[in-house]
Amino acid sequence: MTVRALRRRAVSALMTGLVAGLCLLAVLPLLFILGDLVAKGASSIDWHFFTRSPAPAGESGGGVANAIAGTGVIVGLAGLIGLPVGIGAGIFLAEYGAGRLGFFVRFVADVMNGTPSIVVGIFAWTFIVKPVGHFSALAGAVALAVLMVPMIARTSEEMVRLVPHSLREAALALGYPRWRTSLRVVVRSALSGIVTGSLVAIARVAGETAPLLFTALGNLNFTTDVSQPMQTLSLQIYVYATGPFDEWHRLAWAAALVLMGLVLVLALFARWVTRERYGAR
Amino acid sequence: MAPVDATLLLATDRLTALFHRHAAVKEVSLLFPSNTVTAIIGPSGCGKSTLLRCLNRMHELSDGAWVTGKVLLEGVDIYGGEVDAVQVRRRVGMVFQRPTPFPTMSIFDNVAAGLRVDGRLPTSQVATAVERALQQAALWDEVKDRLHTSAVALSGGQQQRLCIARAVAPQPDVLLLDEPTASLDPAGTQRIEELCHELKRRYTIVIVTHNMQQAARVSDYTAFLYLGQLIEAGRTRDLFTKPRLEQTEAYLTGRFG
Ligand SMILES: Nc1ncnc2c1ncn2[C@@H]1O[C@H](COP(=O)(O)OP(=O)(O)OP(=O)(O)O)[C@@H](O)[C@H]1O
Ligand SMILES: [Mg+2]
């Protein structure tokens, strides 16, 4: 082998190693967090943890059933409000967003994407909690929806933009009206990307705490009434982790593990939804 | 221009197509007789695609694109105020240079796409129409056992014939082909040329091509375009054997362009 060939091999091996090392560095924190959660939280998870509401302070036992249900209700409601608005705005931006209105909407979305979530919480408190006179799950869901919309709008826009122009033209040349071209061909081609983006946004807000402190507030009892204060896993973690009891700390770890698990399930679900429809391409 | 013959399906009358202030097609007047194949030839960038895209109002979808003059479809100017572009495109089908199957749809749904828009055809008749279109595009035998698999799993040549099937399924009056064989091998090219002969019994075909032999083989009439202007048009046989203009002869013999 010539010297040059040897050198190429050496450089190639070095670069591959470097990239692999950097990848490992990127996932290392995640592995640490997961490992830590399992180590500290797994032992507190049993059947009661999923089926019972919290025990009174100082007593042992009890679970986070109320918080799991609350997370489901609030995040679900936020999705119900946020997904149509976000996806609709994204499609609008990609398909008709060339003008001034598009520029304005895009600008607002970008600013909102950078807005701290606690600000959104204060906003929801000012416009919903205060006028109504009490905290409610609905106000929390609205706050989370407001957080979701710009995220979903921007990713949906990107996904729709990725659809080749030729596909759009092919549909128009068949005599599709423009809106039908958008929905039947363009959006359908971008659908897997839109679904992934939406589920990522849902996963992101599922872990939000700050905007819920002023809105959903938290609740020690099991409830599904959205006009009342409601517990979520993130709020429960906040309360338990900042509390004085060792038992609470253990429960906080366990609740964090459950929350991570939920997000993981969402991510896997996103994968499953967007799997290739027709096998090998 | 003389009054248009009623049996004449398609004609342009001093058609000028512009991108912003740049005219890509200049004052072109052409007749496309029914049930014939007309080839549009000329060097790259001379406005062939632009001319073709004016014939089904696809041109106006580009940025800053506009048109003056007329395109007459059965005597009616498709750029007239009361004409709906969407309706024009249903009567004038188009196949692009690159195959463009809809990736989210099966082979069957691709061909049915134009039939289903606005539910023009009852579902019971869609299957028959899809089979007929695939037969016409000489693709039926190859795909009849896999109609409900992905369209993007087909080869490039098959995808192009699928696009032809998709275009003919709604039974348009005119079929526009923009370099339909540019990305195909000789065998695929031959199939599509045979298809032109087949299809002109039902449709009026306008084909853009860079290949002189192809123009000579498939077309009845040929129009030679240069820098957006129509230089010469006539029966293919005449144009290829005794072109009237020096410029046409130079291009046909490969001395420029
Ligand atoms: N979207 C567009 N915006 C601006 N100018 C354009 C656009 N499309 C085409 N043109 C211009 O119009 C002229 C004609 O282009 P056209 O695509 O019709 O050429 P063509 O004859 O089809 O060429 P080819 O054989 O390479 O496909 C060219 O000068 C081109 O630069
Ligand atoms: Mg072209």
# chains A, B, ... in the order shown; residues from 1 in each chain; ligands from 1
>>> closest_atom_pairs(of="chain A", to="chain B", cutoff="8 Å", atoms="only C-alpha atoms", output="tab-separated table")
residue	atom	partner	partner_atom	distance
A:Ser166	CA	B:Thr100	CA	6.7
A:Leu167	CA	B:Thr100	CA	6.0
A:Glu169	CA	B:Met58	CA	7.9
A:Ala170	CA	B:Thr100	CA	6.5
A:Leu172	CA	B:Arg89	CA	7.6
A:Ala173	CA	B:Arg89	CA	5.6
A:Leu174	CA	B:Gly114	CA	5.6
A:Gly175	CA	B:Arg90	CA	4.7
A:Tyr176	CA	B:Val117	CA	6.4
A:Pro177	CA	B:Val86	CA	6.1
A:Val185	CA	B:Phe102	CA	7.1
A:Arg188	CA	B:Thr104	CA	6.8
A:Ser189	CA	B:Thr104	CA	5.8
A:Tyr278	CA	B:Ser150	CA	5.8
A:Arg281	CA	B:Ala153	CA	5.9
>>> residues_near_ligand(ligand="ligand 2", cutoff="9 Å", atoms="only C-alpha atoms and all ligand atoms", output="count of residues only")
13
>>> residues_around(residues="B:Glu193", least_positions_apart="6", cutoff="9 Å", atoms="only C-alpha atoms", output="ChimeraX atom specification")
/B:181,214,217-218
>>> residues_around(residues="B:Thr189", least_positions_apart="3", cutoff="12 Å", atoms="only C-alpha atoms", output="PyMOL selection string")
chain B and resi 156-158+160-161+179-186+192-196+209+211+213-214+217-218
>>> write_last_selection(atoms="C-alpha atoms", output="compact mmCIF listing (two decimals), in the first residue's frame")
# COMPACT_ATOMS: atom_id res chain seq x y z
CA GLY B 156 -38.40 5.88 -13.95
CA GLY B 157 -39.89 4.80 -17.27
CA GLN B 158 -42.85 3.16 -15.56
CA GLN B 160 -43.44 8.39 -16.64
CA ARG B 161 -46.03 6.09 -18.21
CA GLU B 179 -39.73 16.24 -23.05
CA PRO B 180 -41.44 13.10 -21.78
CA THR B 181 -38.51 10.85 -22.68
CA ALA B 182 -35.69 13.04 -21.36
CA SER B 183 -35.00 10.76 -18.41
CA LEU B 184 -35.67 7.44 -20.12
CA ASP B 185 -33.58 4.74 -21.75
CA PRO B 186 -34.00 3.83 -25.44
CA ILE B 192 -43.60 6.41 -25.22
CA GLU B 193 -43.20 7.20 -28.92
CA GLU B 194 -45.42 4.25 -29.80
CA LEU B 195 -47.82 5.60 -27.25
CA CYS B 196 -48.00 8.93 -29.06
CA THR B 209 -38.46 17.51 -27.63
CA ASN B 211 -34.39 15.04 -30.17
CA GLN B 213 -35.18 12.06 -34.75
CA GLN B 214 -37.94 11.82 -32.20
CA ARG B 217 -40.67 9.91 -35.88
CA VAL B 218 -43.67 10.90 -33.80
>>> residues_around(residues="stretch 6-22 of chain B", least_positions_apart="5", cutoff="7 Å", atoms="only C-alpha atoms", output="VMD selection string")
chain B and resid 27 to 34 64 to 75
>>> residues_around(residues="B:Arg255", least_positions_apart="5", cutoff="12 Å", atoms="only C-alpha atoms", output="list in words")
Pro43, Glu246, Gln247, Thr248, Glu249 and Ala250 of chain B
>>> write_last_selection(atoms="N, CA and C atoms", output="PDB file, in the first residue's frame")
ATOM      1  N   PRO B  43     -33.537  25.251 -29.671  1.00  0.00           N
ATOM      2  CA  PRO B  43     -32.450  25.120 -28.696  1.00  0.00           C
ATOM      3  C   PRO B  43     -32.916  25.398 -27.277  1.00  0.00           C
ATOM      4  N   GLU B 246     -33.174  29.190 -44.092  1.00  0.00           N
ATOM      5  CA  GLU B 246     -31.785  28.804 -43.845  1.00  0.00           C
ATOM      6  C   GLU B 246     -31.572  28.434 -42.371  1.00  0.00           C
ATOM      7  N   GLN B 247     -32.170  29.255 -41.485  1.00  0.00           N
ATOM      8  CA  GLN B 247     -31.999  29.076 -40.040  1.00  0.00           C
ATOM      9  C   GLN B 247     -32.528  27.713 -39.582  1.00  0.00           C
ATOM     10  N   THR B 248     -33.683  27.331 -40.108  1.00  0.00           N
ATOM     11  CA  THR B 248     -34.266  26.048 -39.742  1.00  0.00           C
ATOM     12  C   THR B 248     -33.350  24.918 -40.164  1.00  0.00           C
ATOM     13  N   GLU B 249     -32.863  25.021 -41.395  1.00  0.00           N
ATOM     14  CA  GLU B 249     -31.996  23.969 -41.913  1.00  0.00           C
ATOM     15  C   GLU B 249     -30.732  23.863 -41.066  1.00  0.00           C
ATOM     16  N   ALA B 250     -30.186  24.996 -40.695  1.00  0.00           N
ATOM     17  CA  ALA B 250     -28.973  25.001 -39.882  1.00  0.00           C
ATOM     18  C   ALA B 250     -29.218  24.282 -38.558  1.00  0.00           C
TER      19      ALA B 250
END
>>> residues_around(residues="stretch 203-206 of chain B", least_positions_apart="6", cutoff="7 Å", atoms="only C-alpha atoms", output="list in words")
Ser34, Asn35, Thr36, Val37, Thr38, Ala39, Asp173, Val174, Leu175, Leu176 and Leu177 of chain B
>>> select_by_dssp(residues="stretch 28-70 of chain B", states="strand (DSSP E)", output="ChimeraX atom specification")
/B:28-32,37-41,65-70
>>> write_last_selection(atoms="N, CA and C atoms", output="PDB file, in the first residue's frame")
ATOM      1  N   VAL B  28     -46.400  34.301 -30.925  1.00  0.00           N
ATOM      2  CA  VAL B  28     -46.462  33.013 -31.612  1.00  0.00           C
ATOM      3  C   VAL B  28     -47.899  32.697 -32.019  1.00  0.00           C
ATOM      4  N   SER B  29     -48.115  32.459 -33.299  1.00  0.00           N
ATOM      5  CA  SER B  29     -49.421  32.015 -33.787  1.00  0.00           C
ATOM      6  C   SER B  29     -49.245  30.633 -34.397  1.00  0.00           C
ATOM      7  N   LEU B  30     -49.945  29.667 -33.822  1.00  0.00           N
ATOM      8  CA  LEU B  30     -49.775  28.281 -34.239  1.00  0.00           C
ATOM      9  C   LEU B  30     -51.126  27.590 -34.261  1.00  0.00           C
ATOM     10  N   LEU B  31     -51.279  26.620 -35.165  1.00  0.00           N
ATOM     11  CA  LEU B  31     -52.495  25.801 -35.183  1.00  0.00           C
ATOM     12  C   LEU B  31     -52.128  24.379 -34.795  1.00  0.00           C
ATOM     13  N   PHE B  32     -52.969  23.779 -33.951  1.00  0.00           N
ATOM     14  CA  PHE B  32     -52.748  22.382 -33.569  1.00  0.00           C
ATOM     15  C   PHE B  32     -53.974  21.587 -34.009  1.00  0.00           C
ATOM     16  N   VAL B  37     -50.126  14.949 -33.871  1.00  0.00           N
ATOM     17  CA  VAL B  37     -49.039  15.221 -32.935  1.00  0.00           C
ATOM     18  C   VAL B  37     -48.244  16.393 -33.494  1.00  0.00           C
ATOM     19  N   THR B  38     -48.106  17.436 -32.682  1.00  0.00           N
ATOM     20  CA  THR B  38     -47.286  18.570 -33.091  1.00  0.00           C
ATOM     21  C   THR B  38     -46.040  18.601 -32.215  1.00  0.00           C
ATOM     22  N   ALA B  39     -44.875  18.626 -32.836  1.00  0.00           N
ATOM     23  CA  ALA B  39     -43.627  18.710 -32.078  1.00  0.00           C
ATOM     24  C   ALA B  39     -43.169  20.163 -32.025  1.00  0.00           C
ATOM     25  N   ILE B  40     -42.688  20.568 -30.849  1.00  0.00           N
ATOM     26  CA  ILE B  40     -42.075  21.889 -30.726  1.00  0.00           C
ATOM     27  C   ILE B  40     -40.591  21.665 -30.488  1.00  0.00           C
ATOM     28  N   ILE B  41     -39.778  22.179 -31.400  1.00  0.00           N
ATOM     29  CA  ILE B  41     -38.338  21.986 -31.262  1.00  0.00           C
ATOM     30  C   ILE B  41     -37.653  23.342 -31.204  1.00  0.00           C
ATOM     31  N   ALA B  65     -45.329  35.907 -13.885  1.00  0.00           N
ATOM     32  CA  ALA B  65     -45.637  35.456 -15.243  1.00  0.00           C
ATOM     33  C   ALA B  65     -46.963  36.029 -15.727  1.00  0.00           C
ATOM     34  N   TRP B  66     -46.996  36.472 -16.972  1.00  0.00           N
ATOM     35  CA  TRP B  66     -48.245  36.916 -17.571  1.00  0.00           C
ATOM     36  C   TRP B  66     -48.203  36.731 -19.080  1.00  0.00           C
ATOM     37  N   VAL B  67     -49.364  36.943 -19.686  1.00  0.00           N
ATOM     38  CA  VAL B  67     -49.549  36.534 -21.068  1.00  0.00           C
ATOM     39  C   VAL B  67     -50.324  37.614 -21.815  1.00  0.00           C
ATOM     40  N   THR B  68     -49.950  37.852 -23.075  1.00  0.00           N
ATOM     41  CA  THR B  68     -50.834  38.620 -23.959  1.00  0.00           C
ATOM     42  C   THR B  68     -51.123  37.768 -25.189  1.00  0.00           C
ATOM     43  N   GLY B  69     -52.134  38.159 -25.969  1.00  0.00           N
ATOM     44  CA  GLY B  69     -52.545  37.336 -27.100  1.00  0.00           C
ATOM     45  C   GLY B  69     -53.563  36.304 -26.655  1.00  0.00           C
ATOM     46  N   LYS B  70     -53.838  35.341 -27.518  1.00  0.00           N
ATOM     47  CA  LYS B  70     -54.917  34.396 -27.230  1.00  0.00           C
ATOM     48  C   LYS B  70     -54.463  32.960 -27.372  1.00  0.00           C
TER      49      LYS B  70
END
>>> atom_distance(atom1="atom CA of A:Arg178", atom2="atom 2 (C, counted along the ligand's line) of ligand 1")
19.7 Å
>>> atom_distance(atom1="atom CA of A:Val142", atom2="atom CA of A:Ala67")
17.9 Å
>>> decode(residues="stretch 191-209 of chain A", atoms="N, CA, C and O atoms", output="PDB file, in the first residue's frame")
ATOM      1  N   LEU A 191     -47.290  15.063   5.601  1.00  0.00           N
ATOM      2  CA  LEU A 191     -48.010  14.695   6.816  1.00  0.00           C
ATOM      3  C   LEU A 191     -47.132  14.061   7.884  1.00  0.00           C
ATOM      4  O   LEU A 191     -47.229  14.406   9.060  1.00  0.00           O
ATOM      5  N   SER A 192     -46.241  13.141   7.465  1.00  0.00           N
ATOM      6  CA  SER A 192     -45.449  12.459   8.485  1.00  0.00           C
ATOM      7  C   SER A 192     -44.574  13.471   9.224  1.00  0.00           C
ATOM      8  O   SER A 192     -44.415  13.380  10.438  1.00  0.00           O
ATOM      9  N   GLY A 193     -44.044  14.442   8.497  1.00  0.00           N
ATOM     10  CA  GLY A 193     -43.244  15.476   9.150  1.00  0.00           C
ATOM     11  C   GLY A 193     -44.074  16.329  10.089  1.00  0.00           C
ATOM     12  O   GLY A 193     -43.637  16.688  11.178  1.00  0.00           O
ATOM     13  N   ILE A 194     -45.302  16.646   9.661  1.00  0.00           N
ATOM     14  CA  ILE A 194     -46.175  17.468  10.495  1.00  0.00           C
ATOM     15  C   ILE A 194     -46.541  16.725  11.778  1.00  0.00           C
ATOM     16  O   ILE A 194     -46.522  17.293  12.870  1.00  0.00           O
ATOM     17  N   VAL A 195     -46.848  15.424  11.641  1.00  0.00           N
ATOM     18  CA  VAL A 195     -47.211  14.632  12.818  1.00  0.00           C
ATOM     19  C   VAL A 195     -46.032  14.553  13.784  1.00  0.00           C
ATOM     20  O   VAL A 195     -46.194  14.731  14.998  1.00  0.00           O
ATOM     21  N   THR A 196     -44.842  14.301  13.239  1.00  0.00           N
ATOM     22  CA  THR A 196     -43.660  14.242  14.099  1.00  0.00           C
ATOM     23  C   THR A 196     -43.473  15.560  14.844  1.00  0.00           C
ATOM     24  O   THR A 196     -43.288  15.588  16.061  1.00  0.00           O
ATOM     25  N   GLY A 197     -43.538  16.664  14.097  1.00  0.00           N
ATOM     26  CA  GLY A 197     -43.368  17.982  14.713  1.00  0.00           C
ATOM     27  C   GLY A 197     -44.403  18.227  15.796  1.00  0.00           C
ATOM     28  O   GLY A 197     -44.087  18.753  16.866  1.00  0.00           O
ATOM     29  N   SER A 198     -45.649  17.814  15.542  1.00  0.00           N
ATOM     30  CA  SER A 198     -46.711  18.028  16.516  1.00  0.00           C
ATOM     31  C   SER A 198     -46.467  17.216  17.779  1.00  0.00           C
ATOM     32  O   SER A 198     -46.634  17.715  18.897  1.00  0.00           O
ATOM     33  N   LEU A 199     -46.062  15.951  17.594  1.00  0.00           N
ATOM     34  CA  LEU A 199     -45.836  15.110  18.768  1.00  0.00           C
ATOM     35  C   LEU A 199     -44.642  15.606  19.573  1.00  0.00           C
ATOM     36  O   LEU A 199     -44.651  15.563  20.807  1.00  0.00           O
ATOM     37  N   VAL A 200     -43.629  16.100  18.884  1.00  0.00           N
ATOM     38  CA  VAL A 200     -42.484  16.672  19.600  1.00  0.00           C
ATOM     39  C   VAL A 200     -42.944  17.874  20.419  1.00  0.00           C
ATOM     40  O   VAL A 200     -42.567  18.037  21.588  1.00  0.00           O
ATOM     41  N   ALA A 201     -43.795  18.710  19.819  1.00  0.00           N
ATOM     42  CA  ALA A 201     -44.300  19.885  20.539  1.00  0.00           C
ATOM     43  C   ALA A 201     -45.129  19.454  21.745  1.00  0.00           C
ATOM     44  O   ALA A 201     -45.018  20.035  22.834  1.00  0.00           O
ATOM     45  N   ILE A 202     -45.953  18.417  21.572  1.00  0.00           N
ATOM     46  CA  ILE A 202     -46.754  17.918  22.689  1.00  0.00           C
ATOM     47  C   ILE A 202     -45.840  17.417  23.803  1.00  0.00           C
ATOM     48  O   ILE A 202     -46.043  17.717  24.986  1.00  0.00           O
ATOM     49  N   ALA A 203     -44.807  16.671  23.402  1.00  0.00           N
ATOM     50  CA  ALA A 203     -43.877  16.159  24.395  1.00  0.00           C
ATOM     51  C   ALA A 203     -43.186  17.300  25.138  1.00  0.00           C
ATOM     52  O   ALA A 203     -42.979  17.239  26.351  1.00  0.00           O
ATOM     53  N   ARG A 204     -42.839  18.347  24.388  1.00  0.00           N
ATOM     54  CA  ARG A 204     -42.187  19.496  25.008  1.00  0.00           C
ATOM     55  C   ARG A 204     -43.075  20.143  26.076  1.00  0.00           C
ATOM     56  O   ARG A 204     -42.630  20.400  27.206  1.00  0.00           O
ATOM     57  N   VAL A 205     -44.357  20.390  25.748  1.00  0.00           N
ATOM     58  CA  VAL A 205     -45.202  21.082  26.713  1.00  0.00           C
ATOM     59  C   VAL A 205     -45.648  20.151  27.843  1.00  0.00           C
ATOM     60  O   VAL A 205     -46.029  20.627  28.908  1.00  0.00           O
ATOM     61  N   ALA A 206     -45.588  18.838  27.597  1.00  0.00           N
ATOM     62  CA  ALA A 206     -46.002  17.906  28.653  1.00  0.00           C
ATOM     63  C   ALA A 206     -45.120  18.069  29.889  1.00  0.00           C
ATOM     64  O   ALA A 206     -45.535  17.773  31.004  1.00  0.00           O
ATOM     65  N   GLY A 207     -43.900  18.540  29.697  1.00  0.00           N
ATOM     66  CA  GLY A 207     -43.004  18.697  30.832  1.00  0.00           C
ATOM     67  C   GLY A 207     -42.979  20.104  31.402  1.00  0.00           C
ATOM     68  O   GLY A 207     -42.250  20.378  32.346  1.00  0.00           O
ATOM     69  N   GLU A 208     -43.772  21.021  30.811  1.00  0.00           N
ATOM     70  CA  GLU A 208     -43.758  22.409  31.282  1.00  0.00           C
ATOM     71  C   GLU A 208     -44.327  22.525  32.702  1.00  0.00           C
ATOM     72  O   GLU A 208     -45.318  21.873  33.045  1.00  0.00           O
ATOM     73  N   THR A 209     -43.684  23.345  33.514  1.00  0.00           N
ATOM     74  CA  THR A 209     -44.155  23.567  34.872  1.00  0.00           C
ATOM     75  C   THR A 209     -44.563  25.017  35.098  1.00  0.00           C
ATOM     76  O   THR A 209     -45.654  25.305  35.592  1.00  0.00           O
TER      77      THR A 209
END
